[in-house]
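Before any comments, here is the structure.
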Amino acid sequence: MPMVRPTVSVIIPNYNYEKTLGAVLESVFAQTLTPLEVVVVDDRSTDNSRDIARQFPCVLIEAPVNRGVSAARNLGVRSSRGEILFFLDSDIALAPDALANAVDLLLSDPATGCVHGVPDPEPLFDDGPVERYRAMHQHFWRRRSVGVVGTAVFELAAMPRAVFEEVGPFDENLRDSEDVEYSDRLGAAYRIRLTETVVARHDDEDRMVPMLSEQFRRSQLLVPVAAVESRRGGGLKANRPAGVLAAALVPATLPLGLVAPWLLAVPASFLLLFALADPPLVRFVIRRRGAGFLLWFLLAHFLVHLALVSGALVGAVRWLVDPGFGPSVRRRADRT
């Protein structure tokens with residue numbers, strides 16, 4: 001007899017994604033496993049997102065104020081009924097078998113509390129080299145980590161409702177790094193599995209300055225979240241630590257050139273070390289798009305590393321001086 005699968009609620013937080021929301025919803029309603037419901041939580045968009053959602057047979061929840069992705073996901077869970085919660089961002093379109101494969105993986109291992117997927121190396125809408133860089137890098141580092149991992153990425157993830165209710169809601173004080181904080185709680189009791197069988201195409205930022213600004217903003221919560229983690233190690237790493245260190249040392253050692261021009265060899269050496277820090281990534285880029293694109297890829301990758309390091313440093317300072325910055329668990333501890 002065919003396997004009876006549990007019901008699935010697809011929960012899509014949205015804020016100003018009129019460009020992609022239609023394609024995302026089309027992909028959800030084209031699934032081989034039909035969801036019980038599709039819940040779009042609009043976080044007070046100022047574009048035409050809500051009108052696009054109304055063109056589909058989904059439940060549209062309009063948040064009273066903009067509170068970020070964590071609050072939107074929690075609101076979507078409260079407004080849904082499915083036995084499986086499938087979290088999907090509004091700029092990620094699913095492959096046709098993504099829901100079925102995610103549910104089957106959860107059914108095959110009751111100790112698994114969450115499965116999440118790997119984005120395709122090609123973007124949903126190809127808007128240029130910045131977006132190609134982002135799509136390739138996200139695909140590569142997640143594919144490299146396939147298996148049981150320490151971190152779930154909830155832009156493309158499924159978990160049983162019972163597990164969500166046990167672990168608790170997303171931390172609504174976090175607009176970024178909410179995945180890491182939630183994974184710390186989730187991984188204490190359940191396995192987290194990253195799989196290549198749950199595939200989607202992501203439409204990412206396609207301009208350099210906004211992409212770097214986004215990376216800088218997101219990385220500010222890395223230190224605060226890490227400071228309150230109860231589990232250490234095992235989390236997903238998008239970048240090699242050696243590459244991060246080498247990239248940070250390039251601008252740090254540039255002033256040596258003011259002492260003597262030949263000392264510019266020091267930052268140049270660190271730049272070379274950065275380029276060679278991840279040989280499998282280099283080979284992947286060359287295979288996909290050739291050696292010419294590799295030069296652009298490494299430039300974008302270097303600038304992203306600088307944005308991440310700068311953001312982490314700023315976030316660490318904010319964590320020290322602002323009691324309201326970071327995970328809610330710190331604020332609860334301060335009150336006690």
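Following the order of the structure tokens, first chain is A, next is B, and so on, with residues numbered from 1 inside each chain and ligands from 1 in the order they appear.
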Contacts between segment 189-209 of chain A and segment 20-76 of chain A, please, where a residue of segment 20-76 of chain A counts if it comes within 10 Å (with only C-alpha atoms); show its shortest atom pair and distance in Å to one decimal, rows by chain and ascending number, as JSON lines.
```
{"residue": "A:Thr20", "atom": "CA", "partner": "A:Asp203", "partner_atom": "CA", "distance": 7.4}
{"residue": "A:Val24", "atom": "CA", "partner": "A:Arg201", "partner_atom": "CA", "distance": 9.3}
{"residue": "A:Ser27", "atom": "CA", "partner": "A:Ala200", "partner_atom": "CA", "distance": 9.2}
```
Selection above as a file: all heavy atoms, as a PDB file, in the first residue's frame:
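Saved file part-v4.pdb follows:
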```pdb
ATOM      1  N   THR A  20       9.399  37.947  -6.658  1.00  0.00           N
ATOM      2  CA  THR A  20       9.565  36.494  -6.639  1.00  0.00           C
ATOM      3  C   THR A  20       8.380  35.731  -6.066  1.00  0.00           C
ATOM      4  O   THR A  20       8.281  34.521  -6.270  1.00  0.00           O
ATOM      5  CB  THR A  20      10.805  36.124  -5.811  1.00  0.00           C
ATOM      6  OG1 THR A  20      10.685  36.702  -4.495  1.00  0.00           O
ATOM      7  CG2 THR A  20      12.066  36.661  -6.468  1.00  0.00           C
ATOM      8  N   VAL A  24       7.394  31.665  -6.438  1.00  0.00           N
ATOM      9  CA  VAL A  24       7.484  30.790  -5.269  1.00  0.00           C
ATOM     10  C   VAL A  24       6.164  30.048  -5.056  1.00  0.00           C
ATOM     11  O   VAL A  24       6.139  28.830  -4.863  1.00  0.00           O
ATOM     12  CB  VAL A  24       7.868  31.608  -4.017  1.00  0.00           C
ATOM     13  CG1 VAL A  24       7.768  30.755  -2.758  1.00  0.00           C
ATOM     14  CG2 VAL A  24       9.267  32.172  -4.169  1.00  0.00           C
ATOM     15  N   SER A  27       5.539  27.352  -7.568  1.00  0.00           N
ATOM     16  CA  SER A  27       6.314  26.140  -7.303  1.00  0.00           C
ATOM     17  C   SER A  27       5.686  25.317  -6.180  1.00  0.00           C
ATOM     18  O   SER A  27       5.724  24.078  -6.221  1.00  0.00           O
ATOM     19  CB  SER A  27       7.757  26.509  -6.939  1.00  0.00           C
ATOM     20  OG  SER A  27       7.872  27.010  -5.610  1.00  0.00           O
TER      21      SER A  27
END
```
Give me the residues of segment 205-289 of chain A that have any atom at most 10 Å from an atom of segment 317-327 of chain A; for each, the nearest atom pair and the distance in Å, rounded to one decimal. Use only C-alpha atoms, sort by chain and number, and format it as CSV.
```
residue,atom,partner,partner_atom,distance
A:Gln220,CA,A:Arg318,CA,8.3
A:Leu221,CA,A:Gly326,CA,6.3
A:Leu222,CA,A:Gly326,CA,9.1
A:Val223,CA,A:Trp319,CA,7.8
A:Pro224,CA,A:Gly326,CA,5.4
A:Val225,CA,A:Pro327,CA,6.3
A:Ala226,CA,A:Pro327,CA,9.7
A:Ala227,CA,A:Trp319,CA,9.4
A:Val228,CA,A:Pro327,CA,7.8
A:Glu229,CA,A:Pro327,CA,9.9
```
Nearest to Ala248 of chain A by atom-to-atom distance, counting only C-alpha atoms, from A:Val77, A:Ala93, A:Val148, A:Ala307: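 Closest residue, counting only C-alpha atoms: A:Ala307.
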Could you give me, as a VMD selection string, the residues within 10 Å of Arg5 of chain A, counting only C-alpha atoms and dropping anything in the same chain fewer than 3 positions from it? chain A and resid 2 8 33 83 to 84 100 103 to 104 107
Can you tell me which residues surround segment 291-294 of chain A at a distance of at most 9 Å, considering only C-alpha atoms, apart from same-chain residues fewer than 6 positions away, and format the answer as a tab-separated table (two decimals) with N, CA, C and O atoms, in the first residue's frame?
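The resulting file, part.tsv, is shown below:
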```tsv
chain	number	residue	atom	x	y	z
A	129	PRO	N	26.32	38.97	-12.36
A	129	PRO	CA	27.42	38.24	-11.71
A	129	PRO	C	27.35	38.22	-10.19
A	129	PRO	O	27.81	37.26	-9.57
A	282	VAL	N	37.36	26.62	-5.37
A	282	VAL	CA	37.97	27.14	-6.59
A	282	VAL	C	37.69	26.19	-7.76
A	282	VAL	O	37.31	26.62	-8.86
A	285	VAL	N	34.02	26.44	-8.93
A	285	VAL	CA	33.72	27.63	-9.72
A	285	VAL	C	34.25	27.49	-11.14
A	285	VAL	O	33.58	27.83	-12.11
```
Tell me, which residues of segment 190-301 of chain A carry DSSP strand (DSSP E or B), written as a list of chain:residue names? A:Arg191, A:Ile192, A:Arg193, A:Leu194, A:Thr195, A:Glu196, A:Thr197, A:Val198, A:Val199, A:Ala200, A:Arg201, A:His202
One decimal, in Å: what's the spacing between atom CA of Ala277 of chain A and atom CA of Val115 of chain A? 29.2 Å
